[in-house]
Amino acid sequence: MNTEFLFTTAIYIFVFIFGVCIGSFLNVCIYRLPLGESLIKSNSHCMTCGTPIRKRDLIPVISWCLLRGKCHACGAKISPRYTVVELLNGICYLIIFLHFDVIVHPLYAALVSLMTSALIVVFFMDWDTQLINTWVVIFIGALAIPKYIFCRNDLEKGFTLPSMILGAFVISIPLLLIALISHEKAMGMGDVYLMAAGGLFLGAPNILIAMLIALIVGSVCGLIIKHANGNSVFAFGPYLSIGIAVSALYGDKLADWYVHFTGLDKTLEDTAAMIATIFC
Ligand SMILES: [Zn+2]
């Protein structure tokens, strides 16, 4: 077996385990941010009996399996969702680093990984509480800065300043209008900020793709949820998160097809050129 293969395999195993460990921290964010609790102070405790969780029971995924999903003190069931979030984040990191090739675009893969982690937090928090935390959205928007500084010569599409500025507004402005007209019933301000931050990171064509994916997935899941429990009120943030995450990986290819198919390529180019003359 050649050393290059062993080296890259070792990196991918490390990326997966690192993703699972970060997933453990995402669980802390998902449960503590809505309660306004500190993310670093105080140890985790059992939600039923309040017993602090022992150090040896804090190993992601493994501890949950060894405890057979039960608290060691009171035997109360520990939600499998903690493990799902940890594994989900590990799998996402692995897919991202494989997609962008860890040797060729390590920094960009790292930025997309961080954004995906933030989107996982948005997904579960919005699902639980129908609220999107502003700090998590600011974190996503802030990732656009290192992307622009360090990766603009690395990859091409969506990496120009005009494309990023256009991306921040092209979806968020229409969503803002819907939110204002519907008094935040059809669309919340959290959704508006999320698409502004996601658009700033992804650039103009890719955030359109993100919205399209969110609408398709949201419509299908919305129908299923309505059919299952008759509830037509559901958070849209989880679907926007899926849209942004998928678009970060496959947006370029989908955007090429979509803007060409709809004839939007000329309009987007003209608008980006206009923004370029104003800002650059
Ligand atoms: Zn307990």
# chains A, B, ... in the order shown; residues from 1 in each chain; ligands from 1
$ residues_near_ligand --ligand "ligand 1" --cutoff "7 Å" --atoms "only C-alpha atoms and all ligand atoms" --output "PyMOL selection string"
chain A and resi 46-51+71-76
$ select_by_dssp --residues "stretch 34-188 of chain A" --states "helix (DSSP H, G or I)" --output "count of residues only"
91
$ closest_residue --among "A:Phe7, A:Trp127, A:Phe18, A:Tyr12" --to "A:Leu98" --atoms "only C-alpha atoms"
A:Tyr12
$ closest_atom_pairs --of "stretch 156-199 of chain A" --to "stretch 212-216 of chain A" --cutoff "12 Å" --atoms "only C-alpha atoms" --output "JSON lines"
{"residue": "A:Ile171", "atom": "CA", "partner": "A:Leu212", "partner_atom": "CA", "distance": 10.5}
{"residue": "A:Asp191", "atom": "CA", "partner": "A:Ala214", "partner_atom": "CA", "distance": 11.4}
{"residue": "A:Met195", "atom": "CA", "partner": "A:Ala214", "partner_atom": "CA", "distance": 10.9}
$ write_last_selection --atoms "C-alpha atoms" --output "CSV table (one decimal), in the first residue's frame"
chain,number,residue,atom,x,y,z
A,171,ILE,CA,-32.9,36.5,-1.6
A,191,ASP,CA,-34.9,33.4,8.0
A,195,MET,CA,-30.3,34.0,3.8
$ residues_around --residues "A:Thr116" --least-positions-apart "3" --cutoff "9 Å" --atoms "only C-alpha atoms" --output "ChimeraX atom specification"
/A:89,92-93,111-113,119-121,140,241,244-245,248
$ write_last_selection --atoms "C-alpha atoms" --output "PDB file, in the first residue's frame"
ATOM      1  CA  ASN A  89     -21.504  16.578  11.791  1.00  0.00           C
ATOM      2  CA  CYS A  92     -20.777  16.249   6.800  1.00  0.00           C
ATOM      3  CA  TYR A  93     -17.089  17.083   7.490  1.00  0.00           C
ATOM      4  CA  LEU A 111     -14.716  27.183   6.165  1.00  0.00           C
ATOM      5  CA  VAL A 112     -17.581  25.225   4.563  1.00  0.00           C
ATOM      6  CA  SER A 113     -17.345  22.711   7.441  1.00  0.00           C
ATOM      7  CA  LEU A 119     -26.357  25.308   9.915  1.00  0.00           C
ATOM      8  CA  ILE A 120     -26.844  22.102  11.950  1.00  0.00           C
ATOM      9  CA  VAL A 121     -27.336  24.293  15.045  1.00  0.00           C
ATOM     10  CA  ILE A 140     -22.022  32.294   9.175  1.00  0.00           C
ATOM     11  CA  SER A 241     -30.150  25.338   6.211  1.00  0.00           C
ATOM     12  CA  ILE A 244     -27.389  26.483   1.917  1.00  0.00           C
ATOM     13  CA  ALA A 245     -25.386  23.368   2.880  1.00  0.00           C
ATOM     14  CA  ALA A 248     -22.136  25.087  -0.816  1.00  0.00           C
TER      15      ALA A 248
END
$ closest_residue --among "A:His183, A:Arg54, A:Arg32, A:Lys226" --to "A:Met125" --atoms "only C-alpha atoms"
A:Arg32
$ residues_around --residues "A:Leu88" --least-positions-apart "6" --cutoff "9 Å" --atoms "only C-alpha atoms" --output "ChimeraX atom specification"
/A:19-20,23,120
$ write_last_selection --atoms "N, CA and C atoms" --output "PDB file, in the first residue's frame"
ATOM      1  N   GLY A  19     -14.942  15.978  13.395  1.00  0.00           N
ATOM      2  CA  GLY A  19     -16.321  16.416  13.147  1.00  0.00           C
ATOM      3  C   GLY A  19     -17.277  15.903  14.207  1.00  0.00           C
ATOM      4  N   VAL A  20     -17.094  14.645  14.625  1.00  0.00           N
ATOM      5  CA  VAL A  20     -17.952  14.052  15.668  1.00  0.00           C
ATOM      6  C   VAL A  20     -17.762  14.820  16.988  1.00  0.00           C
ATOM      7  N   GLY A  23     -19.420  18.013  16.800  1.00  0.00           N
ATOM      8  CA  GLY A  23     -20.854  17.718  16.908  1.00  0.00           C
ATOM      9  C   GLY A  23     -21.316  17.691  18.355  1.00  0.00           C
ATOM     10  N   ILE A 120     -26.259  23.200  11.161  1.00  0.00           N
ATOM     11  CA  ILE A 120     -26.844  22.102  11.950  1.00  0.00           C
ATOM     12  C   ILE A 120     -27.468  22.666  13.228  1.00  0.00           C
TER      13      ILE A 120
END
$ atom_distance --atom1 "atom CA of A:Glu4" --atom2 "atom CA of A:Leu114"
26.4 Å
$ closest_residue --among "A:Thr267, A:Thr83, A:Thr9, A:Ser117" --to "A:Arg68" --atoms "only C-alpha atoms"
A:Thr83
$ closest_residue --among "A:Pro52, A:Pro162, A:Gly141, A:Gly69" --to "A:Pro205" --atoms "only C-alpha atoms"
A:Pro162
$ closest_residue --among "A:Ile209, A:Leu33, A:Ala109, A:Leu131" --to "A:Phe234" --atoms "only C-alpha atoms"
A:Leu131
$ atom_distance --atom1 "atom CA of A:Leu176" --atom2 "atom CA of A:Leu194"
11.2 Å
$ residues_around --residues "A:Ala186" --least-positions-apart "6" --cutoff "12 Å" --atoms "only C-alpha atoms" --output "MDAnalysis selection string"
chainID A and resid 175:180 192 232:237
$ residues_around --residues "A:Ile278" --least-positions-apart "5" --cutoff "12 Å" --atoms "only C-alpha atoms" --output "PDB file with C-alpha atoms, in the first residue's frame"
ATOM      1  CA  LEU A 161     -16.910  40.835  -4.018  1.00  0.00           C
ATOM      2  CA  PRO A 162     -19.848  41.887  -6.277  1.00  0.00           C
ATOM      3  CA  ILE A 165     -22.703  41.484  -2.013  1.00  0.00           C
ATOM      4  CA  THR A 271     -26.233  43.338 -11.992  1.00  0.00           C
ATOM      5  CA  ALA A 272     -22.820  42.119 -10.758  1.00  0.00           C
ATOM      6  CA  ALA A 273     -21.121  44.458 -13.241  1.00  0.00           C
TER       7      ALA A 273
END
$ closest_residue --among "A:Ile145, A:Ala168, A:Ile30, A:Cys65" --to "A:Tyr108" --atoms "only C-alpha atoms"
A:Ile145
